[in-house]
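What follows is the content of query-v3.txt (compact mmCIF, C-alpha atoms).
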```
# COMPACT_ATOMS: atom_id res chain seq x y z
CA MET L 6 59.88 90.42 -1.76
CA ALA L 7 57.79 93.36 -0.74
CA MET L 8 60.46 95.31 1.07
CA TYR L 9 63.68 95.18 3.06
CA ILE L 10 65.06 96.95 6.08
CA ARG L 11 68.64 97.67 7.11
CA VAL L 12 69.40 96.51 10.64
CA LYS L 13 72.59 98.08 11.98
CA ARG L 14 74.88 97.38 14.92
CA ASN L 15 78.55 98.33 15.29
CA LYS L 16 80.13 97.85 11.85
CA THR L 17 77.59 95.37 10.53
CA THR L 18 74.43 95.93 8.50
CA TYR L 19 71.89 93.14 7.98
CA PHE L 20 69.59 93.49 4.99
CA ILE L 21 66.38 91.74 6.01
CA GLN L 22 63.64 90.95 3.50
CA CYS L 23 60.20 91.41 4.94
CA ASP L 24 56.62 92.43 4.41
CA PRO L 25 54.81 95.47 5.89
CA THR L 26 52.35 93.11 7.63
CA GLU L 27 55.08 91.22 9.48
CA LYS L 28 55.44 91.80 13.20
CA ILE L 29 58.65 92.97 14.85
CA LEU L 30 58.88 89.55 16.49
CA ASP L 31 59.09 87.99 13.00
CA ILE L 32 62.03 90.26 12.20
CA LYS L 33 63.77 89.29 15.44
CA GLN L 34 63.31 85.62 14.58
CA LYS L 35 65.04 86.21 11.27
CA LEU L 36 67.86 88.01 13.06
CA GLN L 37 68.18 85.17 15.54
CA VAL L 38 69.22 82.91 12.69
CA LEU L 39 71.98 85.32 11.65
CA ILE L 40 73.37 86.45 15.01
CA ASP L 41 72.65 83.50 17.33
CA LYS L 42 70.97 85.72 19.92
CA PRO L 43 67.50 84.83 21.20
CA VAL L 44 64.68 87.24 20.37
CA ASN L 45 64.33 88.22 24.03
CA ASP L 46 67.86 89.58 24.02
CA GLN L 47 67.25 91.78 20.98
CA GLN L 48 65.88 95.29 20.88
CA LEU L 49 65.10 97.12 17.64
CA ILE L 50 64.92 100.90 17.45
CA SER L 51 63.70 102.91 14.48
CA LEU L 52 66.42 105.31 13.41
CA SER L 53 63.94 107.69 11.78
CA ASN L 54 62.18 108.57 15.06
CA GLY L 55 64.19 106.86 17.80
CA GLU L 56 61.26 104.73 18.99
CA VAL L 57 61.76 101.26 20.39
CA LEU L 58 59.82 98.86 18.15
CA GLU L 59 57.30 96.59 19.86
CA ASP L 60 57.24 92.84 19.18
CA SER L 61 53.47 92.59 18.79
CA LYS L 62 53.12 95.43 16.28
CA THR L 63 53.66 95.21 12.54
CA LEU L 64 56.23 97.13 10.53
CA ALA L 65 53.47 99.15 8.85
CA GLU L 66 51.89 100.10 12.19
CA GLN L 67 55.19 101.53 13.36
CA LYS L 68 55.92 103.29 10.08
CA VAL L 69 58.94 101.16 9.21
CA GLU L 70 59.15 101.40 5.43
CA ASN L 71 61.22 99.95 2.62
CA ASP L 72 64.96 100.68 2.99
CA ALA L 73 64.41 101.94 6.57
CA LYS L 74 67.36 101.92 8.96
CA VAL L 75 66.82 100.16 12.27
CA ALA L 76 69.28 99.89 15.15
CA LEU L 77 69.85 96.57 16.88
CA THR L 78 70.89 96.53 20.53
CA LEU L 79 71.55 93.42 22.60
CA ARG L 80 70.98 92.59 26.24
CA LYS L 81 74.09 92.93 28.37
CA ASP L 82 75.19 90.75 31.28
CA ASP L 83 73.45 93.05 33.78
CA ASN L 84 70.15 92.42 31.96
CA GLU L 85 69.94 95.97 30.57
CA PHE L 86 70.10 96.67 26.86
CA GLU L 87 73.24 98.30 25.53
CA ASP L 88 73.12 101.78 24.00
CA ILE L 89 72.82 102.17 20.24
CA ASN L 90 76.26 101.73 18.77
CA ILE L 91 76.56 102.17 15.04
CA VAL L 92 79.94 103.03 13.61
CA LYS L 93 79.85 105.29 10.59
CA PRO L 94 82.56 104.93 7.95
CA ASP L 95 83.74 108.53 8.45
CA ASP L 96 84.15 108.12 12.21
CA PHE L 97 86.11 105.01 11.57
CA TYR L 98 88.58 106.65 9.20
CA GLN L 99 89.81 108.91 11.99
CA THR L 100 90.51 106.07 14.37
CA ARG L 101 91.69 103.74 11.67
CA ASP L 102 94.45 101.45 12.76
CA GLY L 103 95.63 99.58 9.72
CA ILE L 104 92.56 97.37 9.57
CA GLY L 105 91.31 96.49 6.13
CA GLU L 106 94.30 97.85 4.29
CA PRO L 107 94.30 96.61 0.70
CA MET G 6 65.51 82.10 6.26
CA ARG G 7 68.77 80.24 6.64
CA LYS G 8 72.25 81.54 7.36
CA GLU G 9 73.60 79.57 4.39
CA ASP G 10 71.40 81.62 2.10
CA THR G 11 73.17 84.82 3.06
CA VAL G 12 76.58 86.19 2.23
CA LYS G 13 78.72 88.75 4.04
CA LEU G 14 80.30 91.50 1.94
CA ILE G 15 83.19 93.33 3.61
CA SER G 16 84.23 96.84 2.61
CA ALA G 17 87.68 98.43 2.46
CA GLU G 18 87.27 99.75 6.01
CA GLY G 19 86.13 96.38 7.34
CA PHE G 20 82.41 97.15 7.57
CA GLU G 21 80.16 94.16 6.99
CA PHE G 22 76.95 93.84 5.01
CA VAL G 23 74.96 90.64 5.40
CA ILE G 24 72.66 90.18 2.43
CA ASP G 25 70.70 87.40 0.77
CA LYS G 26 72.65 85.41 -1.80
CA GLU G 27 69.75 85.98 -4.16
CA ALA G 28 70.44 89.72 -3.92
CA ALA G 29 74.23 89.40 -4.16
CA MET G 30 73.89 87.39 -7.34
CA VAL G 31 72.49 90.42 -9.13
CA SER G 32 76.24 91.00 -9.56
CA GLN G 33 77.66 88.69 -12.19
CA THR G 34 81.08 88.88 -10.52
CA ILE G 35 79.72 87.77 -7.14
CA ARG G 36 77.56 85.13 -8.83
CA ASN G 37 80.69 83.65 -10.39
CA MET G 38 82.47 83.68 -7.03
CA LEU G 39 79.57 81.94 -5.29
CA THR G 40 78.86 79.36 -7.95
CA SER G 41 82.23 78.34 -9.38
CA PRO G 42 83.42 75.24 -7.54
CA GLY G 43 86.32 75.64 -5.14
CA SER G 44 88.01 78.56 -6.80
CA PHE G 45 87.32 81.23 -4.18
CA ALA G 46 88.26 80.19 -0.66
CA GLU G 47 86.51 83.20 0.86
CA THR G 48 83.10 82.30 -0.43
CA GLN G 49 83.20 78.94 1.34
CA HIS G 50 82.93 80.87 4.61
CA GLY G 51 80.18 82.98 3.14
CA GLU G 52 82.37 86.09 3.11
CA VAL G 53 83.64 88.20 0.25
CA ARG G 54 86.14 91.00 0.85
CA PHE G 55 86.27 94.09 -1.35
CA PRO G 56 89.43 95.96 -0.34
CA GLU G 57 88.88 98.47 -3.14
CA ILE G 58 85.27 99.36 -2.39
CA SER G 59 84.52 101.91 0.33
CA THR G 60 81.76 101.36 2.89
CA THR G 61 79.45 104.05 1.51
CA ILE G 62 79.67 102.65 -2.00
CA LEU G 63 79.27 99.04 -0.89
CA GLU G 64 76.10 99.91 1.05
CA LYS G 65 74.74 101.71 -2.01
CA ILE G 66 75.49 98.65 -4.11
CA CYS G 67 73.65 96.38 -1.67
CA GLN G 68 70.67 98.73 -1.79
CA TYR G 69 70.83 98.54 -5.56
CA PHE G 70 70.78 94.70 -5.47
CA TYR G 71 67.51 94.77 -3.52
CA TRP G 72 66.09 97.55 -5.65
CA SER G 73 66.89 95.43 -8.69
CA LEU G 74 65.06 92.40 -7.25
CA GLN G 75 62.03 94.56 -6.48
CA TYR G 76 62.14 96.13 -9.93
CA ALA G 77 62.29 92.70 -11.58
CA LYS G 78 59.08 91.85 -9.75
CA GLY G 79 57.32 94.86 -11.17
CA LYS G 80 57.77 97.46 -8.43
CA GLU G 81 58.93 100.54 -10.28
CA THR G 82 60.48 103.02 -7.91
CA GLU G 83 63.31 105.43 -8.51
CA PHE G 84 66.83 104.55 -7.37
CA HIS G 85 68.40 107.63 -5.88
CA ILE G 86 72.13 108.22 -6.35
CA GLU G 87 73.89 111.16 -4.70
CA PRO G 88 75.83 113.03 -7.42
CA GLU G 89 79.10 112.89 -5.47
CA LEU G 90 78.95 109.09 -5.42
CA THR G 91 78.40 108.67 -9.15
CA LEU G 92 81.96 108.14 -10.34
CA GLU G 93 83.05 105.77 -7.58
CA LEU G 94 79.79 103.87 -7.90
CA MET G 95 80.25 103.44 -11.63
CA MET G 96 83.73 102.02 -11.16
CA ALA G 97 82.47 99.55 -8.56
CA ALA G 98 79.51 98.58 -10.75
CA ASN G 99 81.86 97.96 -13.63
CA TYR G 100 84.03 95.70 -11.48
CA LEU G 101 81.00 93.82 -10.18
CA HIS G 102 79.33 93.52 -13.59
CA THR G 103 76.20 95.00 -12.10
```

Mind turning this structure into structure tokens?
Amino acid sequence: MAMYIRVKRNKTTYFIQCDPTEKILDIKQKLQVLIDKPVNDQQLISLSNGEVLEDSKTLAEQKVENDAKVALTLRKDDNEFEDINIVKPDDFYQTRDGIGEP
Amino acid sequence: MRKEDTVKLISAEGFEFVIDKEAAMVSQTIRNMLTSPGSFAETQHGEVRFPEISTTILEKICQYFYWSLQYAKGKETEFHIEPELTLELMMAANYLHT
């Protein structure tokens, strides 16, 4: 394994093993297996610079490095992509409602 | 890549981390859960809950699993640990036999 990236959406993080020469489309195909959403309904956004990652480009070309955080957004019913929604643990504590109590 | 080759680790606050089983098995505790027949109902659904491990620590642990795999294959990079996480991370590592 050359590297991994952390793909985040809502309260879930997917650790995806990959190689710098892989294209974004390859990453989306791996995600498809995990989330049952076709690649066309996925959008990946680099969290280091906010750029939408292009299917035909490689990770290296778009400066996505080992341990990088990438946001996943999905296509909504109206055909637009949803906004980035990543819950941070600290935000969640404040709105916590008895979920996950030991 | 197959879904069966991944496992979902769930933190105290209900955050989920989907990682490769290969990575999760860096932890002897998780390895035992995933490989001992029938004794852990949770692992049959590919999920393991850690009600005592906070989200920040669990993410750090997952990063460590992957770092460990890379290190085993000869890639020597530093693993950064924020000082304020040290104690909690050590307790979790002890529990996970990592």

At a cut-off of 9 Å around the point (64.7, 101.1, 20.0) (file coordinates), what residues fall inside when counting only C-alpha atoms? I'd like the answer as a short mmCIF file (atom, residue, chain, number, x, y, z; two decimals) with C-alpha atoms, in the frame of the given file.
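Generated output (out_1.cif):
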```
data_model
loop_
_atom_site.label_atom_id
_atom_site.label_comp_id
_atom_site.auth_asym_id
_atom_site.auth_seq_id
_atom_site.Cartn_x
_atom_site.Cartn_y
_atom_site.Cartn_z
CA GLN L 48 65.88 95.29 20.88
CA LEU L 49 65.10 97.12 17.64
CA ILE L 50 64.92 100.90 17.45
CA SER L 51 63.70 102.91 14.48
CA LEU L 52 66.42 105.31 13.41
CA GLY L 55 64.19 106.86 17.80
CA GLU L 56 61.26 104.73 18.99
CA VAL L 57 61.76 101.26 20.39
CA LEU L 58 59.82 98.86 18.15
CA GLU L 59 57.30 96.59 19.86
CA VAL L 75 66.82 100.16 12.27
CA ALA L 76 69.28 99.89 15.15
CA LEU L 77 69.85 96.57 16.88
CA THR L 78 70.89 96.53 20.53
CA ILE L 89 72.82 102.17 20.24
#
```

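CA of Cys23 (chain L) sits 15.4 Å away from CA of Ser61 (chain L).
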
For chain G against chain L, with a cut-off of 10 Å and counting all atoms listed in the file, what is the closest atom pair and its distance in Å to one decimal for every residue that makes the cut, ordered by chain and number, as JSON lines?
```
{"residue": "G:Met6", "atom": "CA", "partner": "L:Lys35", "partner_atom": "CA", "distance": 6.5}
{"residue": "G:Arg7", "atom": "CA", "partner": "L:Val38", "partner_atom": "CA", "distance": 6.6}
{"residue": "G:Lys8", "atom": "CA", "partner": "L:Leu39", "partner_atom": "CA", "distance": 5.7}
{"residue": "G:Glu9", "atom": "CA", "partner": "L:Leu39", "partner_atom": "CA", "distance": 9.4}
{"residue": "G:Thr11", "atom": "CA", "partner": "L:Leu39", "partner_atom": "CA", "distance": 8.7}
{"residue": "G:Lys13", "atom": "CA", "partner": "L:Tyr19", "partner_atom": "CA", "distance": 9.0}
{"residue": "G:Leu14", "atom": "CA", "partner": "L:Thr17", "partner_atom": "CA", "distance": 9.8}
{"residue": "G:Ile15", "atom": "CA", "partner": "L:Gly105", "partner_atom": "CA", "distance": 9.1}
{"residue": "G:Ser16", "atom": "CA", "partner": "L:Gly105", "partner_atom": "CA", "distance": 7.9}
{"residue": "G:Ala17", "atom": "CA", "partner": "L:Gly105", "partner_atom": "CA", "distance": 5.5}
{"residue": "G:Glu18", "atom": "CA", "partner": "L:Gly105", "partner_atom": "CA", "distance": 5.2}
{"residue": "G:Gly19", "atom": "CA", "partner": "L:Gly105", "partner_atom": "CA", "distance": 5.3}
{"residue": "G:Phe20", "atom": "CA", "partner": "L:Lys16", "partner_atom": "CA", "distance": 4.9}
{"residue": "G:Glu21", "atom": "CA", "partner": "L:Thr17", "partner_atom": "CA", "distance": 4.5}
{"residue": "G:Phe22", "atom": "CA", "partner": "L:Thr18", "partner_atom": "CA", "distance": 4.8}
{"residue": "G:Val23", "atom": "CA", "partner": "L:Tyr19", "partner_atom": "CA", "distance": 4.7}
{"residue": "G:Ile24", "atom": "CA", "partner": "L:Phe20", "partner_atom": "CA", "distance": 5.2}
{"residue": "G:Asp25", "atom": "CA", "partner": "L:Phe20", "partner_atom": "CA", "distance": 7.5}
{"residue": "G:Ala28", "atom": "CA", "partner": "L:Phe20", "partner_atom": "CA", "distance": 9.7}
{"residue": "G:Arg54", "atom": "CA", "partner": "L:Gly105", "partner_atom": "CA", "distance": 9.2}
{"residue": "G:Phe55", "atom": "CA", "partner": "L:Pro107", "partner_atom": "CA", "distance": 8.7}
{"residue": "G:Pro56", "atom": "CA", "partner": "L:Pro107", "partner_atom": "CA", "distance": 5.0}
{"residue": "G:Glu57", "atom": "CA", "partner": "L:Pro107", "partner_atom": "CA", "distance": 6.9}
{"residue": "G:Ile58", "atom": "CA", "partner": "L:Pro107", "partner_atom": "CA", "distance": 9.9}
{"residue": "G:Ser59", "atom": "CA", "partner": "L:Pro94", "partner_atom": "CA", "distance": 8.4}
{"residue": "G:Thr60", "atom": "CA", "partner": "L:Pro94", "partner_atom": "CA", "distance": 6.2}
{"residue": "G:Thr61", "atom": "CA", "partner": "L:Pro94", "partner_atom": "CA", "distance": 7.2}
{"residue": "G:Glu64", "atom": "CA", "partner": "L:Thr18", "partner_atom": "CA", "distance": 8.6}
{"residue": "G:Cys67", "atom": "CA", "partner": "L:Phe20", "partner_atom": "CA", "distance": 8.3}
{"residue": "G:Gln68", "atom": "CA", "partner": "L:Asp72", "partner_atom": "CA", "distance": 7.7}
{"residue": "G:Tyr71", "atom": "CA", "partner": "L:Tyr9", "partner_atom": "CA", "distance": 7.6}
{"residue": "G:Trp72", "atom": "CA", "partner": "L:Met8", "partner_atom": "CA", "distance": 9.0}
{"residue": "G:Leu74", "atom": "CA", "partner": "L:Met6", "partner_atom": "CA", "distance": 7.8}
{"residue": "G:Gln75", "atom": "CA", "partner": "L:Met6", "partner_atom": "CA", "distance": 6.6}
{"residue": "G:Lys78", "atom": "CA", "partner": "L:Met6", "partner_atom": "CA", "distance": 8.2}
{"residue": "G:Lys80", "atom": "CA", "partner": "L:Ala7", "partner_atom": "CA", "distance": 8.7}
```

Worksheet item: Rounded to one decimal in Å, what is the spacing between CA of Thr82 (chain G) and CA of Thr103 (chain G)?
Response: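 Between these atoms lies a distance of 18.1 Å.
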
Practice prompt. Select all residues near (58.1, 89.4, 18.5) (cut-off 8 Å, inclusive, file coordinates), counting all atoms listed in the file, and output them as JSON, numbers by chain.
Written response: {"L": [28, 29, 30, 31, 32, 33, 34, 44, 59, 60, 61]}

Complete region 46-63 of chain L at the level of N, CA and C atoms, written as a short mmCIF file (atom, residue, chain, number, x, y, z; two decimals), keeping the file's coordinate frame.
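Dumped everything to selection15.cif:
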```
data_model
loop_
_atom_site.label_atom_id
_atom_site.label_comp_id
_atom_site.auth_asym_id
_atom_site.auth_seq_id
_atom_site.Cartn_x
_atom_site.Cartn_y
_atom_site.Cartn_z
N ASP L 46 66.66 88.79 23.76
CA ASP L 46 67.86 89.58 24.02
C ASP L 46 68.10 90.64 22.94
N GLN L 47 67.11 90.78 22.06
CA GLN L 47 67.25 91.78 20.98
C GLN L 47 66.29 92.95 21.22
N GLN L 48 66.76 94.12 20.87
CA GLN L 48 65.88 95.29 20.88
C GLN L 48 66.09 96.02 19.56
N LEU L 49 64.99 96.40 18.91
CA LEU L 49 65.10 97.12 17.64
C LEU L 49 64.56 98.53 17.83
N ILE L 50 65.29 99.49 17.30
CA ILE L 50 64.92 100.90 17.45
C ILE L 50 64.90 101.56 16.08
N SER L 51 63.79 102.20 15.76
CA SER L 51 63.70 102.91 14.48
C SER L 51 64.66 104.09 14.48
N LEU L 52 65.47 104.20 13.45
CA LEU L 52 66.42 105.31 13.41
C LEU L 52 65.80 106.58 12.83
N SER L 53 64.56 106.48 12.31
CA SER L 53 63.94 107.69 11.78
C SER L 53 63.28 108.50 12.90
N ASN L 54 62.80 107.82 13.96
CA ASN L 54 62.18 108.57 15.06
C ASN L 54 62.67 108.17 16.45
N GLY L 55 63.60 107.24 16.51
CA GLY L 55 64.19 106.86 17.80
C GLY L 55 63.30 106.01 18.69
N GLU L 56 62.17 105.52 18.17
CA GLU L 56 61.26 104.73 18.99
C GLU L 56 61.67 103.26 19.04
N VAL L 57 61.53 102.69 20.23
CA VAL L 57 61.76 101.26 20.39
C VAL L 57 60.59 100.52 19.75
N LEU L 58 60.88 99.56 18.88
CA LEU L 58 59.82 98.86 18.15
C LEU L 58 59.27 97.71 19.00
N GLU L 59 57.95 97.58 19.01
CA GLU L 59 57.30 96.59 19.86
C GLU L 59 57.04 95.29 19.10
N ASP L 60 57.35 94.18 19.78
CA ASP L 60 57.24 92.84 19.18
C ASP L 60 55.88 92.57 18.54
N SER L 61 54.82 92.99 19.21
CA SER L 61 53.47 92.59 18.79
C SER L 61 52.92 93.44 17.65
N LYS L 62 53.61 94.55 17.34
CA LYS L 62 53.12 95.43 16.28
C LYS L 62 53.79 95.11 14.94
N THR L 63 53.09 95.47 13.86
CA THR L 63 53.66 95.21 12.54
C THR L 63 54.58 96.35 12.12
#
```
